[in-house]
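**Q** Got a structure for you, query.csv, holding CSV, C-alpha atoms.
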```
chain,number,residue,atom,x,y,z
K,1,MET,CA,37.8,27.8,-80.2
K,2,GLU,CA,37.2,28.7,-76.6
K,3,THR,CA,38.5,27.0,-73.4
K,4,ARG,CA,35.1,25.4,-72.8
K,5,ASP,CA,35.4,23.6,-76.1
K,6,LEU,CA,38.4,21.8,-74.8
K,7,ARG,CA,36.6,20.4,-71.8
K,8,LEU,CA,35.7,16.7,-72.3
K,9,ASP,CA,34.5,14.2,-69.8
K,10,GLY,CA,35.8,11.1,-68.2
K,11,ASN,CA,34.6,8.9,-71.0
K,12,ALA,CA,37.4,10.4,-73.1
K,13,ILE,CA,40.1,8.8,-70.8
K,14,GLY,CA,38.4,5.4,-70.4
K,15,GLY,CA,41.2,3.8,-72.5
K,16,LEU,CA,44.0,5.6,-70.6
K,17,LEU,CA,42.5,4.6,-67.3
K,18,LEU,CA,42.1,1.0,-68.5
K,19,GLU,CA,45.8,1.1,-69.4
K,20,VAL,CA,46.9,2.6,-66.1
K,21,PHE,CA,44.6,0.7,-63.7
K,22,GLY,CA,43.7,-2.4,-65.7
K,23,LEU,CA,40.1,-1.6,-65.0
K,24,ASP,CA,37.3,0.3,-66.9
K,25,LEU,CA,36.9,3.2,-64.4
K,26,THR,CA,34.3,5.3,-66.3
K,27,ALA,CA,31.4,4.0,-64.1
K,28,ALA,CA,33.5,4.1,-60.9
K,29,PRO,CA,32.3,6.5,-58.2
K,30,SER,CA,34.9,9.1,-57.2
K,31,VAL,CA,35.0,11.6,-54.4
K,32,CYS,CA,36.4,15.1,-54.8
K,33,GLY,CA,39.1,15.8,-52.2
K,34,SER,CA,38.1,19.4,-52.1
K,35,CYS,CA,34.3,19.6,-52.0
K,36,GLY,CA,33.4,15.9,-51.3
K,37,SER,CA,31.1,15.6,-54.4
K,38,ARG,CA,30.7,12.0,-55.4
K,39,GLN,CA,30.5,11.4,-59.1
K,40,GLU,CA,31.2,8.6,-61.6
K,41,VAL,CA,34.5,9.2,-63.3
K,42,ALA,CA,32.7,9.6,-66.6
K,43,ARG,CA,31.0,12.8,-65.2
K,44,LEU,CA,34.3,14.5,-64.3
K,45,ASP,CA,35.7,17.3,-66.4
K,46,VAL,CA,38.7,16.2,-68.5
K,47,TYR,CA,41.3,18.3,-70.3
K,48,VAL,CA,43.5,16.4,-72.6
K,49,ASN,CA,45.3,19.4,-74.2
K,50,ALA,CA,47.5,20.1,-71.2
K,51,PRO,CA,50.9,18.4,-71.1
K,52,GLY,CA,49.3,15.2,-69.9
K,53,VAL,CA,45.7,14.8,-68.8
K,54,VAL,CA,44.0,16.9,-66.1
K,55,VAL,CA,40.8,15.7,-64.4
K,56,ARG,CA,38.7,18.3,-62.5
K,57,CYS,CA,35.7,18.0,-60.3
K,58,CYS,CA,32.5,18.8,-62.3
K,59,ARG,CA,31.1,20.6,-59.3
K,60,CYS,CA,33.9,22.7,-57.8
K,61,GLN,CA,36.5,22.5,-60.6
K,62,ALA,CA,39.3,21.4,-58.2
K,63,VAL,CA,42.0,19.2,-59.8
K,64,MET,CA,41.4,15.6,-58.9
K,65,MET,CA,43.9,13.7,-61.1
K,66,ARG,CA,46.8,14.5,-63.3
K,67,ILE,CA,48.2,11.8,-65.5
K,68,VAL,CA,51.4,12.2,-67.5
K,69,GLN,CA,53.0,9.6,-69.8
K,70,GLY,CA,56.4,9.6,-71.4
K,71,ARG,CA,59.6,7.7,-71.7
K,72,GLY,CA,57.7,4.5,-71.1
K,73,ARG,CA,56.4,5.7,-67.7
K,74,THR,CA,53.2,7.0,-66.2
K,75,TRP,CA,53.1,9.6,-63.5
K,76,LEU,CA,49.8,9.6,-61.6
K,77,ASP,CA,48.8,12.4,-59.2
K,78,LEU,CA,45.7,11.5,-57.3
K,79,SER,CA,46.2,13.9,-54.5
K,80,GLY,CA,43.0,15.7,-55.3
K,81,THR,CA,40.9,12.6,-55.2
K,82,GLY,CA,39.4,11.7,-51.8
K,83,CYS,CA,38.3,8.2,-52.8
K,84,LEU,CA,37.9,6.0,-55.9
K,85,GLU,CA,35.4,3.1,-55.5
K,86,LEU,CA,36.4,0.1,-57.5
K,87,GLY,CA,33.7,-2.6,-57.8
K,88,GLU,CA,33.2,-5.2,-60.4
K,89,LEU,CA,34.4,-2.9,-63.1
K,90,GLY,CA,36.6,-4.9,-65.3
A,1,MET,CA,49.1,-3.9,-69.5
A,2,PRO,CA,46.8,-6.8,-68.4
A,3,GLY,CA,43.5,-4.8,-68.7
A,4,ALA,CA,44.1,-3.3,-72.1
A,5,PRO,CA,45.6,-5.6,-74.7
A,6,TRP,CA,45.9,-4.3,-78.2
A,7,LEU,CA,44.2,-6.6,-80.8
A,8,ALA,CA,45.0,-6.9,-84.4
A,9,ALA,CA,41.9,-6.0,-86.5
A,10,GLU,CA,41.3,-6.1,-90.2
A,11,VAL,CA,39.1,-3.8,-92.2
A,12,ALA,CA,36.4,-6.2,-93.6
A,13,GLY,CA,34.3,-3.6,-95.4
A,14,THR,CA,33.5,0.1,-95.6
A,15,VAL,CA,30.3,2.1,-96.3
A,16,GLU,CA,30.2,5.8,-97.2
A,17,GLU,CA,27.6,7.4,-94.9
A,18,THR,CA,28.0,11.0,-95.8
A,19,PRO,CA,30.8,12.9,-97.6
A,20,ARG,CA,32.6,13.2,-94.3
A,21,VAL,CA,31.6,10.0,-92.6
A,22,ARG,CA,32.4,6.4,-93.2
A,23,THR,CA,31.6,3.2,-91.5
A,24,LEU,CA,34.2,0.5,-91.2
A,25,THR,CA,33.4,-3.1,-90.4
A,26,LEU,CA,36.3,-4.8,-88.5
A,27,GLY,CA,37.2,-8.4,-88.2
A,28,ALA,CA,39.0,-8.8,-84.8
A,29,PRO,CA,39.7,-12.4,-83.6
A,30,GLY,CA,39.7,-12.4,-79.8
A,31,TRP,CA,37.4,-9.3,-79.5
A,32,PRO,CA,35.5,-9.9,-76.2
A,33,GLY,CA,32.2,-8.3,-77.4
A,34,HIS,CA,30.8,-5.0,-76.3
A,35,HIS,CA,27.7,-3.3,-74.8
A,36,ALA,CA,25.6,-0.8,-76.7
A,37,GLY,CA,27.1,2.7,-76.3
A,38,GLN,CA,30.8,1.7,-75.7
A,39,HIS,CA,33.8,2.9,-77.6
A,40,LEU,CA,37.2,1.5,-78.5
A,41,ASP,CA,40.7,2.9,-79.1
A,42,VAL,CA,42.2,2.6,-82.6
A,43,ARG,CA,46.0,2.7,-82.9
A,44,LEU,CA,47.9,3.2,-86.2
A,45,THR,CA,51.6,2.6,-86.6
A,46,ALA,CA,53.5,4.3,-89.4
A,47,GLU,CA,56.4,2.6,-91.2
A,48,ASP,CA,58.9,4.6,-89.2
A,49,GLY,CA,57.2,3.4,-85.9
A,50,TYR,CA,55.3,6.6,-85.2
A,51,GLN,CA,52.0,5.7,-83.4
A,52,ALA,CA,48.8,7.7,-83.2
A,53,GLN,CA,45.7,6.6,-81.3
A,54,ARG,CA,42.1,7.9,-81.0
A,55,SER,CA,38.8,6.7,-79.5
A,56,TYR,CA,35.8,5.9,-81.7
A,57,SER,CA,32.3,4.9,-80.7
A,58,ILE,CA,31.1,1.5,-81.8
A,59,ALA,CA,28.1,1.8,-84.2
A,60,SER,CA,27.0,-1.8,-84.3
A,61,ALA,CA,24.7,-3.6,-82.0
A,62,PRO,CA,26.5,-6.1,-79.7
A,63,GLU,CA,24.7,-8.8,-81.7
A,64,ASP,CA,26.4,-7.7,-84.8
A,65,GLY,CA,30.2,-7.6,-84.5
A,66,VAL,CA,32.3,-4.4,-84.6
A,67,GLN,CA,31.6,-1.5,-86.8
A,68,LEU,CA,33.0,2.0,-86.3
A,69,THR,CA,31.5,5.1,-87.8
A,70,VAL,CA,34.1,7.8,-88.2
A,71,GLU,CA,33.8,11.5,-89.1
A,72,ARG,CA,36.8,13.0,-90.8
A,73,LEU,CA,38.5,15.8,-88.9
A,74,ASP,CA,40.6,17.7,-91.4
A,75,ASP,CA,43.4,18.3,-89.0
A,76,GLY,CA,43.1,14.8,-87.5
A,77,GLU,CA,45.9,12.2,-87.4
A,78,VAL,CA,43.7,9.1,-87.5
A,79,SER,CA,40.3,10.0,-89.0
A,80,PRO,CA,41.5,11.1,-92.5
A,81,TYR,CA,43.1,7.6,-92.9
A,82,LEU,CA,40.0,5.8,-91.6
A,83,VAL,CA,37.6,7.9,-93.7
A,84,ASP,CA,39.5,8.3,-96.9
A,85,GLU,CA,42.2,5.7,-97.2
A,86,ALA,CA,41.5,2.5,-95.3
A,87,ARG,CA,40.7,-0.4,-97.6
A,88,GLU,CA,39.4,-3.9,-97.1
A,89,GLY,CA,42.2,-6.0,-95.8
A,90,ASP,CA,44.1,-3.1,-94.1
A,91,ARG,CA,45.3,-3.9,-90.6
A,92,ILE,CA,44.9,-1.7,-87.6
A,93,GLU,CA,45.0,-2.3,-83.8
A,94,ILE,CA,42.1,-1.9,-81.4
A,95,ARG,CA,41.7,-1.9,-77.7
A,96,GLY,CA,38.5,-2.2,-75.7
A,97,PRO,CA,35.6,-2.2,-75.3
A,98,ILE,CA,35.8,0.9,-73.1
A,99,GLY,CA,33.1,2.7,-71.1
A,100,ARG,CA,30.9,0.9,-68.6
A,101,TYR,CA,29.2,4.1,-67.8
A,102,PHE,CA,27.7,5.0,-71.2
A,103,VAL,CA,25.9,1.7,-71.9
A,104,TRP,CA,22.3,0.6,-72.3
A,105,GLU,CA,20.7,-2.8,-72.3
A,106,ALA,CA,17.7,-3.7,-74.4
A,107,SER,CA,16.2,-5.7,-71.5
A,108,ASP,CA,15.5,-2.3,-69.8
A,109,PRO,CA,11.9,-1.3,-70.4
A,110,THR,CA,12.2,2.3,-69.1
A,111,PRO,CA,11.4,5.0,-71.7
A,112,LEU,CA,14.6,6.0,-73.4
A,113,LEU,CA,15.6,9.5,-74.7
A,114,LEU,CA,18.6,9.7,-77.0
A,115,VAL,CA,19.9,13.1,-77.9
A,116,ALA,CA,22.5,13.2,-80.6
A,117,GLY,CA,24.6,16.0,-82.1
A,118,GLY,CA,26.3,15.2,-85.4
A,119,SER,CA,28.4,12.1,-85.2
A,120,GLY,CA,27.4,11.8,-81.5
A,121,VAL,CA,24.6,9.7,-83.0
A,122,VAL,CA,27.0,6.8,-83.3
A,123,PRO,CA,26.9,5.2,-79.8
A,124,LEU,CA,23.1,6.0,-79.7
A,125,MET,CA,22.7,4.1,-83.0
A,126,SER,CA,24.4,1.1,-81.4
A,127,MET,CA,21.7,1.3,-78.7
A,128,THR,CA,18.9,1.7,-81.3
A,129,ARG,CA,20.2,-1.3,-83.3
A,130,HIS,CA,20.6,-3.3,-80.1
A,131,ARG,CA,16.9,-2.6,-79.3
A,132,ALA,CA,15.9,-3.8,-82.7
A,133,ALA,CA,18.1,-6.9,-82.7
A,134,ALA,CA,17.1,-8.0,-79.2
A,135,GLY,CA,13.4,-7.1,-79.5
A,136,GLY,CA,13.6,-4.5,-76.7
A,137,ARG,CA,10.3,-2.9,-75.7
A,138,ALA,CA,11.4,0.4,-74.2
A,139,PRO,CA,9.8,3.3,-76.0
A,140,VAL,CA,12.6,5.3,-77.6
A,141,LYS,CA,12.8,8.9,-78.9
A,142,LEU,CA,15.9,9.9,-80.7
A,143,VAL,CA,16.4,13.7,-81.1
A,144,TYR,CA,19.1,14.2,-83.7
A,145,SER,CA,20.7,17.5,-84.6
A,146,SER,CA,22.6,17.8,-87.8
A,147,ARG,CA,23.9,20.7,-89.9
A,148,ARG,CA,22.3,19.8,-93.1
A,149,LEU,CA,20.1,16.9,-94.4
A,150,GLU,CA,23.1,15.4,-96.3
A,151,ASP,CA,25.1,15.3,-93.0
A,152,VAL,CA,22.5,13.1,-91.4
A,153,ILE,CA,24.2,9.7,-90.7
A,154,TYR,CA,22.1,6.5,-91.0
A,155,ARG,CA,19.2,8.5,-92.5
A,156,SER,CA,17.4,5.7,-94.4
A,157,GLU,CA,18.0,3.1,-91.6
A,158,LEU,CA,16.5,5.5,-89.1
A,159,GLU,CA,13.5,6.0,-91.3
A,160,GLU,CA,13.0,2.3,-91.7
A,161,LEU,CA,13.3,1.7,-88.0
A,162,ALA,CA,10.8,4.4,-87.2
A,163,ALA,CA,8.4,3.1,-89.9
A,164,ARG,CA,8.1,-0.2,-88.0
A,165,GLY,CA,5.8,1.5,-85.5
A,166,ASP,CA,7.2,-0.5,-82.6
A,167,GLY,CA,7.9,2.4,-80.3
A,168,PHE,CA,11.0,4.0,-81.9
A,169,GLU,CA,10.7,7.6,-83.0
A,170,VAL,CA,13.2,10.0,-84.5
A,171,VAL,CA,13.0,13.8,-84.5
A,172,HIS,CA,15.5,15.7,-86.7
A,173,THR,CA,16.6,19.2,-86.4
A,174,LEU,CA,18.8,20.8,-89.1
A,175,THR,CA,20.7,23.8,-87.8
A,176,ARG,CA,22.5,25.3,-90.8
A,177,GLU,CA,20.5,24.6,-93.9
A,178,GLN,CA,17.1,23.0,-94.6
A,179,PRO,CA,15.8,21.6,-97.9
A,180,GLU,CA,12.7,23.1,-99.4
A,181,GLY,CA,9.6,21.9,-97.8
A,182,TRP,CA,11.4,20.8,-94.6
A,183,THR,CA,8.9,20.3,-91.9
A,184,GLY,CA,11.2,19.3,-89.1
A,185,TYR,CA,13.0,21.6,-86.6
A,186,SER,CA,15.6,24.0,-88.0
A,187,ARG,CA,17.4,25.3,-84.9
A,188,ARG,CA,19.9,24.3,-82.3
A,189,ILE,CA,18.5,22.2,-79.5
A,190,ASP,CA,17.0,24.3,-76.7
A,191,PRO,CA,14.7,23.7,-73.7
A,192,GLU,CA,11.6,24.6,-75.8
A,193,LEU,CA,12.4,22.1,-78.5
A,194,LEU,CA,13.2,19.4,-75.9
A,195,GLY,CA,10.0,20.2,-74.1
A,196,GLU,CA,8.0,19.5,-77.2
A,197,VAL,CA,9.6,16.2,-78.1
A,198,ALA,CA,11.1,14.6,-75.0
A,199,TRP,CA,9.3,12.4,-72.5
A,200,PRO,CA,7.9,14.3,-69.6
A,201,ALA,CA,10.4,14.3,-66.7
A,202,ALA,CA,7.6,12.6,-64.6
A,203,GLU,CA,8.0,9.5,-66.7
A,204,ARG,CA,11.6,9.2,-65.4
A,205,PRO,CA,13.2,8.3,-68.7
A,206,ARG,CA,16.7,7.2,-69.1
A,207,VAL,CA,18.7,9.7,-71.1
A,208,TYR,CA,21.9,9.5,-73.1
A,209,VAL,CA,23.3,12.6,-74.8
A,210,CYS,CA,26.3,12.5,-77.1
A,211,GLY,CA,27.9,15.2,-79.2
A,212,SER,CA,30.4,18.1,-79.0
A,213,THR,CA,30.9,19.7,-75.6
A,214,ARG,CA,28.8,22.7,-76.4
A,215,PHE,CA,26.0,20.5,-77.7
A,216,VAL,CA,26.0,18.2,-74.7
A,217,ASP,CA,26.0,21.1,-72.3
A,218,ALA,CA,23.1,22.7,-74.1
A,219,ALA,CA,21.1,19.5,-74.2
A,220,ALA,CA,21.8,18.5,-70.6
A,221,ASP,CA,21.1,22.0,-69.3
A,222,GLY,CA,17.8,22.1,-71.3
A,223,LEU,CA,16.7,18.8,-69.8
A,224,ILE,CA,17.5,19.9,-66.3
A,225,THR,CA,15.4,23.1,-66.9
A,226,LEU,CA,12.6,20.7,-67.8
A,227,GLY,CA,12.9,19.0,-64.5
A,228,TYR,CA,15.0,16.0,-65.4
A,229,GLU,CA,17.2,14.7,-62.6
A,230,PRO,CA,20.9,15.4,-63.4
A,231,GLN,CA,21.7,11.8,-62.3
A,232,SER,CA,19.3,10.4,-64.9
A,233,ILE,CA,21.2,12.1,-67.8
A,234,ARG,CA,24.3,10.3,-69.1
A,235,THR,CA,26.5,12.3,-71.3
A,236,GLU,CA,29.5,11.7,-73.5
A,237,ARG,CA,31.5,14.7,-75.0
A,238,PHE,CA,33.8,14.4,-77.9
A,239,GLY,CA,35.3,17.8,-78.5
A,240,ALA,CA,34.7,20.7,-80.8
A,241,THR,CA,33.0,19.1,-83.8
A,242,GLY,CA,29.4,18.0,-84.7
A,243,SER,CA,26.4,20.2,-85.0
```
If you took the structure in this file and wrote it as structure tokens, what would it be?

**A**
Amino acid sequence: METRDLRLDGNAIGGLLLEVFGLDLTAAPSVCGSCGSRQEVARLDVYVNAPGVVVRCCRCQAVMMRIVQGRGRTWLDLSGTGCLELGELG
Amino acid sequence: MPGAPWLAAEVAGTVEETPRVRTLTLGAPGWPGHHAGQHLDVRLTAEDGYQAQRSYSIASAPEDGVQLTVERLDDGEVSPYLVDEAREGDRIEIRGPIGRYFVWEASDPTPLLLVAGGSGVVPLMSMTRHRAAAGGRAPVKLVYSSRRLEDVIYRSELEELAARGDGFEVVHTLTREQPEGWTGYSRRIDPELLGEVAWPAAERPRVYVCGSTRFVDAAADGLITLGYEPQSIRTERFGATGS
């Protein structure tokens, strides 16, 4: 198996995002904090094999989100995300 | 969490699709319904309290309850149970539906291209069944890559749907092994194959691609080579399995 086989997309964390945000975010537009690319969350690159989940921009590969769960808590790092657009998504 | 309640579901029936793949019909009181193409999360709880959860695409049309089609991953935590052990009456938990991005409505008349690798056919089958159940008029081409003929999921149902002559076509490619006299394609999906069977980009079809990461990347890159707009291609990757 190669690293590229570990790359999934934002569909794979639809359930996790639903749990964290209470919304289905897969169709929500997101803006990369590094390159400004605007993509639906489902199009982002997702790695679930790291300790926690790492979401990267599908254009420039910058880290946009990190989500770690444990001990009944969730740690959410959105510092690489410029904007998340929430509409009628529930 | 308010957006994601776990629901109790009961296995109401099972169908062997291939030696590695089984369909489970679930009864789930309170299930809110789904759109074609969506998935759900399954959670299993062991007697000692250990929990494991995985996502599975919904195979059934929205008109037809909840069916999951699951491929056994030999090192999996959840799929060996669902494929080999689950019996009618067993109880599991489900959460969903999930995925507002990878959905298709039968009321949409735009030509539709579905590209499936292995068990990536499952959400695309939900769309196909939805079109049949709702009387959708969109012309549909399903390009379906499998390793061998016996790995083709829903083979007879796809033949029946195609035989109706109402605008649904299926094109198979078998990448590992072909039966004698096989007249379909016998290689991995590439731009040339897609160019022969897909709608011309000028018709601006809607495209859904589902399969392993390698499969999806190859199919999407091939379609972009043929002039498809990247934004017209919706993809769903499920890891290193499939064809």

**Q** Could you list the residues in chain K lying within 9 Å of chain A, using only C-alpha atoms, and format the result as a list of chain:residue names?

**A**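 For chain K, the answer reads K:Met1, K:Arg4, K:Asp5, K:Leu6, K:Arg7, K:Leu8, K:Asp9, K:Gly10, K:Asn11, K:Ala12, K:Gly14, K:Gly15, K:Leu18, K:Glu19, K:Val20, K:Phe21, K:Gly22, K:Leu23, K:Asp24, K:Leu25, K:Thr26, K:Ala27, K:Ala28, K:Glu40, K:Val41, K:Ala42, K:Arg43, K:Leu89, K:Gly90.
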
**Q** Find the spatial neighbours of Ala138 in chain A, counting only C-alpha atoms, within a cut-off of 8 Å - ignore same-chain residues fewer than 5 positions away - and output them as a list of chain:residue names.

**A** A:Ala106, A:Asp108, A:Pro109, A:Thr110, A:Pro111, A:Leu112, A:Gly167

**Q** Write the residues of the preceding selection, restricted to C-alpha atoms, as a PDB file, in the coordinates of the input.

**A**
```
ATOM      1  CA  ALA A 106      17.700  -3.700 -74.400  1.00  0.00           C
ATOM      2  CA  ASP A 108      15.500  -2.300 -69.800  1.00  0.00           C
ATOM      3  CA  PRO A 109      11.900  -1.300 -70.400  1.00  0.00           C
ATOM      4  CA  THR A 110      12.200   2.300 -69.100  1.00  0.00           C
ATOM      5  CA  PRO A 111      11.400   5.000 -71.700  1.00  0.00           C
ATOM      6  CA  LEU A 112      14.600   6.000 -73.400  1.00  0.00           C
ATOM      7  CA  GLY A 167       7.900   2.400 -80.300  1.00  0.00           C
TER       8      GLY A 167
END
```

**Q** Pick the closest to Cys83 in chain K from K:Val53, K:Gly70, K:Leu16, K:Met64: which is it, counting only C-alpha atoms?

**A**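 Selected residue with least distance to Cys83 in chain K: K:Met64.
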
**Q** Between A:Ile224, A:Ala162, A:Leu149, A:Val140, which residue has the minimum interatomic distance to Ser186 in chain A, considering all atoms listed in the file?

**A**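 The shortest atom-to-atom distance to Ser186 in chain A comes from A:Leu149.
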
**Q** Counting all atoms listed in the file, which residue out of A:Ala46, A:Leu194, A:Val121, A:Ala36 sits closest to Thr225 in chain A?

**A**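 Among A:Ala46, A:Leu194, A:Val121, A:Ala36, it is A:Leu194 that comes nearest to Thr225 in chain A.
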
**Q** K:Arg38, K:Gly82, K:Ala62, K:Ile67: which is nearest Ala50 in chain K, counting all atoms listed in the file?

**A** K:Ile67

**Q** May I have the residues at most 9 Å from (35.0, -6.6, -87.9) in the file's coordinates, counting all atoms listed in the file, as a list in words?

**A** Ala9, Glu10, Val11, Ala12, Gly13, Leu24, Thr25, Leu26, Gly27, Ala28, Pro29, Gly65, Val66, Gln67 and Leu68 of chain A

**Q** Given the choices K:Gly87, K:Ser30, K:Thr74, K:Leu44, which gets closest to Gln61 in chain K if the distance is worked out from only C-alpha atoms?

**A** K:Leu44

**Q** Using all atoms listed in the file for the distances, tell me which of K:Leu86, K:Ser79, K:Gly72, K:Gly33 is nearest to Cys57 in chain K.

**A**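 Using all atoms listed in the file, the shortest distance to Cys57 in chain K belongs to K:Gly33.
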
**Q** By how many Å are CA of Val31 in chain K and CA of Ile58 in chain A apart?

**A**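 Answer for the CA of Val31 in chain K to CA of Ile58 in chain A separation: 29.5 Å.
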
**Q** What gap, in Å, lies between CA of Glu169 in chain A and CA of Tyr154 in chain A?

**A**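 Spanning CA of Glu169 in chain A to CA of Tyr154 in chain A is a straight-line distance of 14.0 Å.
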
**Q** State, in Å with one decimal place, the distance from CA of Ala132 in chain A to CA of Gly165 in chain A.

**A**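 Spanning CA of Ala132 in chain A to CA of Gly165 in chain A is a straight-line distance of 11.7 Å.
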
**Q** Would you kindly return, as a list of chain:residue names, each protein, DNA or RNA residue with an atom no farther than 8 Å from any atom of Ser146 in chain A, considering only C-alpha atoms and excluding same-chain residues fewer than 3 positions away?

**A**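 My reading of the contact set: A:Gly117, A:Gly118, A:Leu149, A:Asp151, A:Val152, A:His172, A:Thr173, A:Leu174, A:Thr175, A:Gly242, A:Ser243.
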